[in-house]
Amino acid sequence: MARFELTFPATITILRGGEATPHLAPWSGGALLQDLLAGERSFLAHVDALPPAPAFVACEARATIDVDARRLSIERDVGDLERAPALRRAYRRALCAAWPGWEWVEREPLRGAAVSMSLLRALPEGAPGRAWITHVAADGATRDVDVGVDVEEALSLGPPLREALAGRPAVALAREAAIIDGLAQAPCSSGALVDDRRRRIEVWWSAPTATRRAVIEPLARLWPGMTVVVHDLGLPGQIAGSGRDPAAVRVDDAEAEALLDHVLRVERWFDPTELQARALAALGHLEAAGVPVVIPAAARARTRPSARLDDPRAPSPPRERPLPLRAPELHRLVREIHELDAALARGQGADGLRPSTFWGPPAWVAIVDHSIERELDRPARLRLVRWLAPQLRLDIAAADDDALLAGAREALLERARRAPPYTRFFGWDTEPTS
């Protein structure tokens, strides 16, 4: 049976007295960065009360806290803080304030930090927003160009890149990060200054991982006579390096803190308490329908540190916000149900719909049934069921609304009852207890 993970887990390992103790936070993969801001005392008390982590967990985030050395590290996906270097710096300041005297060691991300291995012969037409390159010619003429590919790909052209940049339109300078359409966005995620006057190339990435820094040496071989270096000052550093005032693009500390608050509390925020309640309610729904379910005790553990982290003034995430690449599957299911209903309400034909929601693992479709009951009003449920009835081979008159609703629900739950007991809902290996 395909795995369906209700949880969004994180693991936190405590190093104390020479011993390593891994703990499991089943619902906190989308909240670890914020939870750490609860501070040393509150967070450590919270972790010590969590259950031990099993040998293997498909987690969304990891933290290692060395109490003896007063050092902590976080491993997570690229994306939360990597819109702009200013966001990373703002988080570092907030973390240092919450953990005074501790050192934050940045680790390689779990996902999303790959580098391009392509060696280009020409600059293709790519997607905007990946890299800006500033070229300062020998006579001092300066242009900023959106190259449409990753910065390492563009630099792999070597000296012919200068001619390629001359054939592209210049871009107008923009703030290194800003909230646009409800999302924290940046005009580019990497960049470089190619300065012919100083015979120097300065490269940066929003996520300057060791993997990315390692490409500097081979790139330098493609640029004879040029010194190639990497920095973490982002777009403002690139503009300043070209001899211009970076004030037009720089985000100051107060603005960076506001952007960080938006990313952690609104845009990227998956409330562990809400996710736990929703998932356990769905499993209770299955149990009540006679579906065999095993719920590990760890799934009921406290979800957050005791220190208050939620600002009541912060806006709630909008229902229609874009989900990031990594999001709890339960959130994705609910989103797909709403999108499907919206398409049906517009009269969109079945050929344009995505029925995958209803044909996943049996656990999946049974939880979809619970979400339909919880999330949709009666007209919306009827739209979905009328579309679904032929695929479920329901021999029920379309005019009999109550029979259609009951028949579709029973068909979905029957698929779940035929499956073996569910022991892999949770992102870690469990065994049936009964």
# chains A, B, ... in the order shown; residues from 1 in each chain; ligands from 1

$ select_by_dssp --residues "segment 23-198 of chain A" --states "alpha helix (DSSP H)" --output "PyMOL selection string"
chain A and resi 32-36+40-48+85-98+151-155+161-166

$ write_last_selection --atoms "N, CA and C atoms" --output "CSV table (one decimal), in the first residue's frame"
chain,number,residue,atom,x,y,z
A,32,LEU,N,9.3,24.4,13.0
A,32,LEU,CA,10.5,24.3,13.8
A,32,LEU,C,11.2,25.6,13.9
A,33,LEU,N,11.3,26.4,12.8
A,33,LEU,CA,12.1,27.6,12.8
A,33,LEU,C,11.4,28.6,13.8
A,34,GLN,N,10.1,28.6,13.8
A,34,GLN,CA,9.4,29.6,14.8
A,34,GLN,C,9.5,29.0,16.2
A,35,ASP,N,9.3,27.7,16.4
A,35,ASP,CA,9.3,27.2,17.7
A,35,ASP,C,10.7,27.4,18.4
A,36,LEU,N,11.8,27.4,17.7
A,36,LEU,CA,13.0,27.6,18.3
A,36,LEU,C,13.1,29.0,18.9
A,40,GLU,N,15.7,29.1,24.8
A,40,GLU,CA,16.4,27.9,25.3
A,40,GLU,C,15.5,27.2,26.3
A,41,ARG,N,15.1,27.9,27.4
A,41,ARG,CA,14.4,27.2,28.5
A,41,ARG,C,13.1,26.5,28.0
A,42,SER,N,12.3,27.3,27.4
A,42,SER,CA,11.0,26.7,27.0
A,42,SER,C,11.1,25.6,25.9
A,43,PHE,N,12.0,25.8,24.9
A,43,PHE,CA,12.1,24.8,23.9
A,43,PHE,C,12.7,23.5,24.4
A,44,LEU,N,13.7,23.6,25.2
A,44,LEU,CA,14.3,22.4,25.8
A,44,LEU,C,13.4,21.6,26.6
A,45,ALA,N,12.6,22.3,27.5
A,45,ALA,CA,11.6,21.7,28.3
A,45,ALA,C,10.5,21.0,27.4
A,46,HIS,N,10.2,21.6,26.3
A,46,HIS,CA,9.2,21.0,25.3
A,46,HIS,C,9.8,19.7,24.7
A,47,VAL,N,11.0,19.8,24.3
A,47,VAL,CA,11.7,18.7,23.6
A,47,VAL,C,11.8,17.5,24.6
A,48,ASP,N,12.3,17.8,25.8
A,48,ASP,CA,12.5,16.7,26.8
A,48,ASP,C,11.2,15.9,27.0
A,85,PRO,N,19.2,37.2,1.4
A,85,PRO,CA,20.1,37.1,2.5
A,85,PRO,C,19.6,37.9,3.7
A,86,ALA,N,18.9,39.0,3.5
A,86,ALA,CA,18.4,39.8,4.6
A,86,ALA,C,17.5,39.0,5.5
A,87,LEU,N,16.7,38.0,5.0
A,87,LEU,CA,15.9,37.2,5.8
A,87,LEU,C,16.7,36.3,6.7
A,88,ARG,N,17.7,35.7,6.2
A,88,ARG,CA,18.6,34.8,7.0
A,88,ARG,C,19.2,35.6,8.1
A,89,ARG,N,19.7,36.8,7.8
A,89,ARG,CA,20.3,37.6,8.8
A,89,ARG,C,19.3,38.0,9.9
A,90,ALA,N,18.1,38.3,9.5
A,90,ALA,CA,17.0,38.6,10.5
A,90,ALA,C,16.7,37.5,11.4
A,91,TYR,N,16.7,36.3,10.8
A,91,TYR,CA,16.4,35.1,11.7
A,91,TYR,C,17.6,34.8,12.6
A,92,ARG,N,18.8,35.0,12.1
A,92,ARG,CA,20.0,34.8,13.0
A,92,ARG,C,19.9,35.8,14.2
A,93,ARG,N,19.6,37.0,13.9
A,93,ARG,CA,19.5,38.0,15.0
A,93,ARG,C,18.4,37.6,16.0
A,94,ALA,N,17.2,37.1,15.5
A,94,ALA,CA,16.1,36.7,16.4
A,94,ALA,C,16.5,35.4,17.2
A,95,LEU,N,17.2,34.5,16.6
A,95,LEU,CA,17.6,33.3,17.3
A,95,LEU,C,18.7,33.6,18.3
A,96,CYS,N,19.6,34.5,18.0
A,96,CYS,CA,20.6,34.8,19.0
A,96,CYS,C,20.0,35.5,20.2
A,97,ALA,N,19.0,36.3,20.0
A,97,ALA,CA,18.3,37.0,21.1
A,97,ALA,C,17.5,36.0,21.9
A,98,ALA,N,17.0,34.9,21.3
A,98,ALA,CA,16.2,33.9,22.1
A,98,ALA,C,17.1,32.9,22.7
A,151,VAL,N,22.8,31.3,-11.6
A,151,VAL,CA,24.0,32.1,-11.8
A,151,VAL,C,25.2,31.2,-12.2
A,152,GLU,N,25.3,30.0,-11.7
A,152,GLU,CA,26.4,29.2,-12.1
A,152,GLU,C,26.4,28.7,-13.5
A,153,GLU,N,25.1,28.5,-14.0
A,153,GLU,CA,25.0,28.2,-15.5
A,153,GLU,C,25.4,29.4,-16.3
A,154,ALA,N,25.0,30.6,-16.0
A,154,ALA,CA,25.3,31.7,-16.8
A,154,ALA,C,26.8,31.9,-16.8
A,155,LEU,N,27.5,31.8,-15.7
A,155,LEU,CA,28.9,32.0,-15.6
A,155,LEU,C,29.7,30.9,-16.3
A,161,LEU,N,30.0,35.3,-22.1
A,161,LEU,CA,28.9,35.8,-21.4
A,161,LEU,C,28.7,37.3,-21.6
A,162,ARG,N,29.8,38.1,-21.7
A,162,ARG,CA,29.8,39.5,-21.8
A,162,ARG,C,29.0,39.9,-23.1
A,163,GLU,N,29.2,39.2,-24.2
A,163,GLU,CA,28.5,39.5,-25.4
A,163,GLU,C,27.0,39.1,-25.2
A,164,ALA,N,26.8,38.0,-24.6
A,164,ALA,CA,25.4,37.6,-24.4
A,164,ALA,C,24.6,38.6,-23.5
A,165,LEU,N,25.3,39.1,-22.5
A,165,LEU,CA,24.6,40.1,-21.7
A,165,LEU,C,24.3,41.4,-22.5
A,166,ALA,N,25.2,41.8,-23.4
A,166,ALA,CA,24.9,43.0,-24.2
A,166,ALA,C,23.7,42.8,-25.1

$ residues_around --residues "Pro169 of chain A" --least-positions-apart "5" --cutoff "9 Å" --atoms "only C-alpha atoms" --output "number ranges by chain"
A: 143-146

$ write_last_selection --atoms "N, CA and C atoms" --output "mmCIF file, in the first residue's frame"
data_model
loop_
_atom_site.group_PDB
_atom_site.id
_atom_site.type_symbol
_atom_site.label_atom_id
_atom_site.label_comp_id
_atom_site.auth_asym_id
_atom_site.auth_seq_id
_atom_site.Cartn_x
_atom_site.Cartn_y
_atom_site.Cartn_z
ATOM 1 N N ARG A 143 25.540 47.617 -16.574
ATOM 2 C CA ARG A 143 24.192 47.134 -16.902
ATOM 3 C C ARG A 143 23.841 45.975 -15.977
ATOM 4 N N ASP A 144 22.557 45.910 -15.607
ATOM 5 C CA ASP A 144 22.029 44.802 -14.808
ATOM 6 C C ASP A 144 21.090 43.994 -15.696
ATOM 7 N N VAL A 145 21.313 42.676 -15.757
ATOM 8 C CA VAL A 145 20.558 41.827 -16.680
ATOM 9 C C VAL A 145 20.012 40.614 -15.931
ATOM 10 N N ASP A 146 18.736 40.313 -16.164
ATOM 11 C CA ASP A 146 18.129 39.074 -15.667
ATOM 12 C C ASP A 146 18.448 37.982 -16.691
#

$ atom_distance --atom1 "atom CA of Arg393 of chain A" --atom2 "atom CA of Glu329 of chain A"
27.0 Å

$ residues_around --residues "Trp104 of chain A" --least-positions-apart "2" --cutoff "8 Å" --atoms "only C-alpha atoms" --output "list in words"
Arg71, Leu72, Ser73, Arg92, Cys96, Trp102 and Glu106 of chain A

$ decode --residues "segment 96-249 of chain A" --atoms "C-alpha atoms" --output "PDB file, in the first residue's frame"
ATOM      1  CA  CYS A  96      20.644  34.831  18.995  1.00  0.00           C
ATOM      2  CA  ALA A  97      18.279  36.971  21.082  1.00  0.00           C
ATOM      3  CA  ALA A  98      16.225  33.898  22.061  1.00  0.00           C
ATOM      4  CA  TRP A  99      19.321  31.728  22.735  1.00  0.00           C
ATOM      5  CA  PRO A 100      21.901  34.156  24.190  1.00  0.00           C
ATOM      6  CA  GLY A 101      25.405  32.740  24.259  1.00  0.00           C
ATOM      7  CA  TRP A 102      24.585  29.963  21.763  1.00  0.00           C
ATOM      8  CA  GLU A 103      26.156  29.412  18.365  1.00  0.00           C
ATOM      9  CA  TRP A 104      23.992  28.678  15.304  1.00  0.00           C
ATOM     10  CA  VAL A 105      25.701  26.337  12.836  1.00  0.00           C
ATOM     11  CA  GLU A 106      24.093  26.284   9.390  1.00  0.00           C
ATOM     12  CA  ARG A 107      23.917  22.838   7.786  1.00  0.00           C
ATOM     13  CA  GLU A 108      23.323  21.709   4.234  1.00  0.00           C
ATOM     14  CA  PRO A 109      19.574  21.859   3.454  1.00  0.00           C
ATOM     15  CA  LEU A 110      17.593  18.624   3.271  1.00  0.00           C
ATOM     16  CA  ARG A 111      16.271  19.523  -0.179  1.00  0.00           C
ATOM     17  CA  GLY A 112      16.504  22.299  -2.750  1.00  0.00           C
ATOM     18  CA  ALA A 113      20.207  23.205  -2.662  1.00  0.00           C
ATOM     19  CA  ALA A 114      21.356  21.496  -5.845  1.00  0.00           C
ATOM     20  CA  VAL A 115      23.624  23.294  -8.270  1.00  0.00           C
ATOM     21  CA  SER A 116      23.345  23.196 -12.025  1.00  0.00           C
ATOM     22  CA  MET A 117      26.002  21.090 -13.704  1.00  0.00           C
ATOM     23  CA  SER A 118      25.258  22.463 -17.176  1.00  0.00           C
ATOM     24  CA  LEU A 119      28.013  24.064 -19.226  1.00  0.00           C
ATOM     25  CA  LEU A 120      26.257  26.477 -21.560  1.00  0.00           C
ATOM     26  CA  ARG A 121      27.318  27.319 -25.095  1.00  0.00           C
ATOM     27  CA  ALA A 122      24.746  30.110 -25.342  1.00  0.00           C
ATOM     28  CA  LEU A 123      22.448  31.940 -22.965  1.00  0.00           C
ATOM     29  CA  PRO A 124      18.953  30.430 -23.362  1.00  0.00           C
ATOM     30  CA  GLU A 125      15.628  32.150 -22.855  1.00  0.00           C
ATOM     31  CA  GLY A 126      14.883  31.081 -19.286  1.00  0.00           C
ATOM     32  CA  ALA A 127      12.501  31.962 -16.502  1.00  0.00           C
ATOM     33  CA  PRO A 128      12.949  35.414 -14.960  1.00  0.00           C
ATOM     34  CA  GLY A 129      13.947  35.809 -11.351  1.00  0.00           C
ATOM     35  CA  ARG A 130      16.626  33.163 -11.069  1.00  0.00           C
ATOM     36  CA  ALA A 131      19.759  35.318 -11.371  1.00  0.00           C
ATOM     37  CA  TRP A 132      20.722  38.922 -12.070  1.00  0.00           C
ATOM     38  CA  ILE A 133      24.192  39.660 -13.404  1.00  0.00           C
ATOM     39  CA  THR A 134      25.750  43.117 -13.295  1.00  0.00           C
ATOM     40  CA  HIS A 135      28.406  43.760 -15.932  1.00  0.00           C
ATOM     41  CA  VAL A 136      30.812  46.643 -15.422  1.00  0.00           C
ATOM     42  CA  ALA A 137      32.734  47.133 -18.675  1.00  0.00           C
ATOM     43  CA  ALA A 138      36.315  48.377 -18.843  1.00  0.00           C
ATOM     44  CA  ASP A 139      35.041  51.879 -19.670  1.00  0.00           C
ATOM     45  CA  GLY A 140      32.787  51.860 -16.570  1.00  0.00           C
ATOM     46  CA  ALA A 141      29.498  51.278 -18.405  1.00  0.00           C
ATOM     47  CA  THR A 142      27.227  49.283 -16.091  1.00  0.00           C
ATOM     48  CA  ARG A 143      24.192  47.134 -16.902  1.00  0.00           C
ATOM     49  CA  ASP A 144      22.029  44.802 -14.808  1.00  0.00           C
ATOM     50  CA  VAL A 145      20.558  41.827 -16.680  1.00  0.00           C
ATOM     51  CA  ASP A 146      18.129  39.074 -15.667  1.00  0.00           C
ATOM     52  CA  VAL A 147      19.775  36.035 -17.292  1.00  0.00           C
ATOM     53  CA  GLY A 148      16.876  33.641 -16.722  1.00  0.00           C
ATOM     54  CA  VAL A 149      19.089  30.736 -15.590  1.00  0.00           C
ATOM     55  CA  ASP A 150      20.972  29.888 -12.408  1.00  0.00           C
ATOM     56  CA  VAL A 151      24.002  32.077 -11.838  1.00  0.00           C
ATOM     57  CA  GLU A 152      26.442  29.164 -12.088  1.00  0.00           C
ATOM     58  CA  GLU A 153      24.954  28.206 -15.450  1.00  0.00           C
ATOM     59  CA  ALA A 154      25.325  31.738 -16.803  1.00  0.00           C
ATOM     60  CA  LEU A 155      28.927  31.986 -15.601  1.00  0.00           C
ATOM     61  CA  SER A 156      29.740  28.644 -17.212  1.00  0.00           C
ATOM     62  CA  LEU A 157      29.693  30.497 -20.556  1.00  0.00           C
ATOM     63  CA  GLY A 158      32.985  32.097 -19.606  1.00  0.00           C
ATOM     64  CA  PRO A 159      34.042  35.359 -21.356  1.00  0.00           C
ATOM     65  CA  PRO A 160      31.370  34.991 -24.114  1.00  0.00           C
ATOM     66  CA  LEU A 161      28.855  35.846 -21.384  1.00  0.00           C
ATOM     67  CA  ARG A 162      29.777  39.515 -21.830  1.00  0.00           C
ATOM     68  CA  GLU A 163      28.478  39.535 -25.394  1.00  0.00           C
ATOM     69  CA  ALA A 164      25.378  37.556 -24.370  1.00  0.00           C
ATOM     70  CA  LEU A 165      24.585  40.142 -21.683  1.00  0.00           C
ATOM     71  CA  ALA A 166      24.947  42.968 -24.203  1.00  0.00           C
ATOM     72  CA  GLY A 167      22.197  41.349 -26.270  1.00  0.00           C
ATOM     73  CA  ARG A 168      19.727  41.223 -23.372  1.00  0.00           C
ATOM     74  CA  PRO A 169      17.630  44.136 -22.068  1.00  0.00           C
ATOM     75  CA  ALA A 170      18.668  45.765 -18.821  1.00  0.00           C
ATOM     76  CA  VAL A 171      16.399  45.442 -15.796  1.00  0.00           C
ATOM     77  CA  ALA A 172      15.314  48.194 -13.436  1.00  0.00           C
ATOM     78  CA  LEU A 173      16.612  47.845  -9.893  1.00  0.00           C
ATOM     79  CA  ALA A 174      14.125  46.528  -7.325  1.00  0.00           C
ATOM     80  CA  ARG A 175      14.097  45.917  -3.579  1.00  0.00           C
ATOM     81  CA  GLU A 176      15.949  42.745  -2.603  1.00  0.00           C
ATOM     82  CA  ALA A 177      12.751  41.448  -0.968  1.00  0.00           C
ATOM     83  CA  ALA A 178       9.191  42.696  -0.509  1.00  0.00           C
ATOM     84  CA  ILE A 179       5.684  41.384   0.150  1.00  0.00           C
ATOM     85  CA  ILE A 180       3.971  41.198  -3.237  1.00  0.00           C
ATOM     86  CA  ASP A 181       0.471  39.707  -3.620  1.00  0.00           C
ATOM     87  CA  GLY A 182       0.662  38.428  -0.061  1.00  0.00           C
ATOM     88  CA  LEU A 183       3.977  36.618  -0.510  1.00  0.00           C
ATOM     89  CA  ALA A 184       7.536  37.547   0.420  1.00  0.00           C
ATOM     90  CA  GLN A 185       9.262  37.699  -2.947  1.00  0.00           C
ATOM     91  CA  ALA A 186      12.669  38.671  -4.306  1.00  0.00           C
ATOM     92  CA  PRO A 187      13.591  39.789  -7.836  1.00  0.00           C
ATOM     93  CA  CYS A 188      16.294  37.099  -8.014  1.00  0.00           C
ATOM     94  CA  SER A 189      17.647  34.247  -5.909  1.00  0.00           C
ATOM     95  CA  SER A 190      21.279  34.560  -6.983  1.00  0.00           C
ATOM     96  CA  GLY A 191      23.533  36.954  -8.818  1.00  0.00           C
ATOM     97  CA  ALA A 192      27.010  37.993  -9.817  1.00  0.00           C
ATOM     98  CA  LEU A 193      29.021  41.097 -10.503  1.00  0.00           C
ATOM     99  CA  VAL A 194      31.355  40.792 -13.502  1.00  0.00           C
ATOM    100  CA  ASP A 195      33.705  43.756 -13.074  1.00  0.00           C
ATOM    101  CA  ASP A 196      36.161  44.137 -15.971  1.00  0.00           C
ATOM    102  CA  ARG A 197      37.818  47.152 -14.353  1.00  0.00           C
ATOM    103  CA  ARG A 198      38.923  45.194 -11.280  1.00  0.00           C
ATOM    104  CA  ARG A 199      39.193  41.847 -13.114  1.00  0.00           C
ATOM    105  CA  ARG A 200      36.886  40.395 -10.497  1.00  0.00           C
ATOM    106  CA  ILE A 201      33.672  38.317 -10.349  1.00  0.00           C
ATOM    107  CA  GLU A 202      31.613  38.344  -7.134  1.00  0.00           C
ATOM    108  CA  VAL A 203      28.948  35.634  -6.831  1.00  0.00           C
ATOM    109  CA  TRP A 204      26.122  35.153  -4.331  1.00  0.00           C
ATOM    110  CA  TRP A 205      23.193  32.833  -3.694  1.00  0.00           C
ATOM    111  CA  SER A 206      20.258  33.359  -1.352  1.00  0.00           C
ATOM    112  CA  ALA A 207      21.121  29.877  -0.037  1.00  0.00           C
ATOM    113  CA  PRO A 208      24.946  29.892  -0.035  1.00  0.00           C
ATOM    114  CA  THR A 209      25.413  26.215   0.793  1.00  0.00           C
ATOM    115  CA  ALA A 210      28.726  24.380   0.776  1.00  0.00           C
ATOM    116  CA  THR A 211      27.579  22.553  -2.361  1.00  0.00           C
ATOM    117  CA  ARG A 212      27.111  25.840  -4.171  1.00  0.00           C
ATOM    118  CA  ARG A 213      30.302  27.404  -2.860  1.00  0.00           C
ATOM    119  CA  ALA A 214      32.206  24.403  -4.187  1.00  0.00           C
ATOM    120  CA  VAL A 215      31.469  25.409  -7.803  1.00  0.00           C
ATOM    121  CA  ILE A 216      33.500  28.610  -7.469  1.00  0.00           C
ATOM    122  CA  GLU A 217      36.823  26.889  -8.129  1.00  0.00           C
ATOM    123  CA  PRO A 218      35.764  25.179 -11.404  1.00  0.00           C
ATOM    124  CA  LEU A 219      33.997  28.371 -12.526  1.00  0.00           C
ATOM    125  CA  ALA A 220      37.190  30.349 -11.970  1.00  0.00           C
ATOM    126  CA  ARG A 221      38.988  28.126 -14.484  1.00  0.00           C
ATOM    127  CA  LEU A 222      36.522  29.269 -17.146  1.00  0.00           C
ATOM    128  CA  TRP A 223      37.433  32.927 -16.535  1.00  0.00           C
ATOM    129  CA  PRO A 224      41.199  33.255 -17.039  1.00  0.00           C
ATOM    130  CA  GLY A 225      42.625  36.448 -15.613  1.00  0.00           C
ATOM    131  CA  MET A 226      39.560  37.061 -13.399  1.00  0.00           C
ATOM    132  CA  THR A 227      39.366  36.530  -9.635  1.00  0.00           C
ATOM    133  CA  VAL A 228      36.127  34.714  -8.703  1.00  0.00           C
ATOM    134  CA  VAL A 229      34.857  35.022  -5.123  1.00  0.00           C
ATOM    135  CA  VAL A 230      31.603  34.386  -3.261  1.00  0.00           C
ATOM    136  CA  HIS A 231      29.848  36.633  -0.732  1.00  0.00           C
ATOM    137  CA  ASP A 232      26.599  36.594   1.261  1.00  0.00           C
ATOM    138  CA  LEU A 233      25.541  40.249   0.872  1.00  0.00           C
ATOM    139  CA  GLY A 234      22.972  39.503  -1.810  1.00  0.00           C
ATOM    140  CA  LEU A 235      21.753  42.037  -4.332  1.00  0.00           C
ATOM    141  CA  PRO A 236      22.814  45.089  -2.259  1.00  0.00           C
ATOM    142  CA  GLY A 237      26.391  43.772  -2.199  1.00  0.00           C
ATOM    143  CA  GLN A 238      26.272  43.275  -5.955  1.00  0.00           C
ATOM    144  CA  ILE A 239      25.094  46.844  -6.548  1.00  0.00           C
ATOM    145  CA  ALA A 240      27.599  48.300  -4.062  1.00  0.00           C
ATOM    146  CA  GLY A 241      30.417  46.353  -5.722  1.00  0.00           C
ATOM    147  CA  SER A 242      29.598  48.063  -9.002  1.00  0.00           C
ATOM    148  CA  GLY A 243      30.205  51.457  -7.387  1.00  0.00           C
ATOM    149  CA  ARG A 244      26.546  52.448  -6.941  1.00  0.00           C
ATOM    150  CA  ASP A 245      24.550  53.288  -3.834  1.00  0.00           C
ATOM    151  CA  PRO A 246      22.663  50.104  -2.761  1.00  0.00           C
ATOM    152  CA  ALA A 247      20.038  52.032  -0.772  1.00  0.00           C
ATOM    153  CA  ALA A 248      17.472  51.574  -3.557  1.00  0.00           C
ATOM    154  CA  VAL A 249      17.572  47.790  -3.200  1.00  0.00           C
TER     155      VAL A 249
END
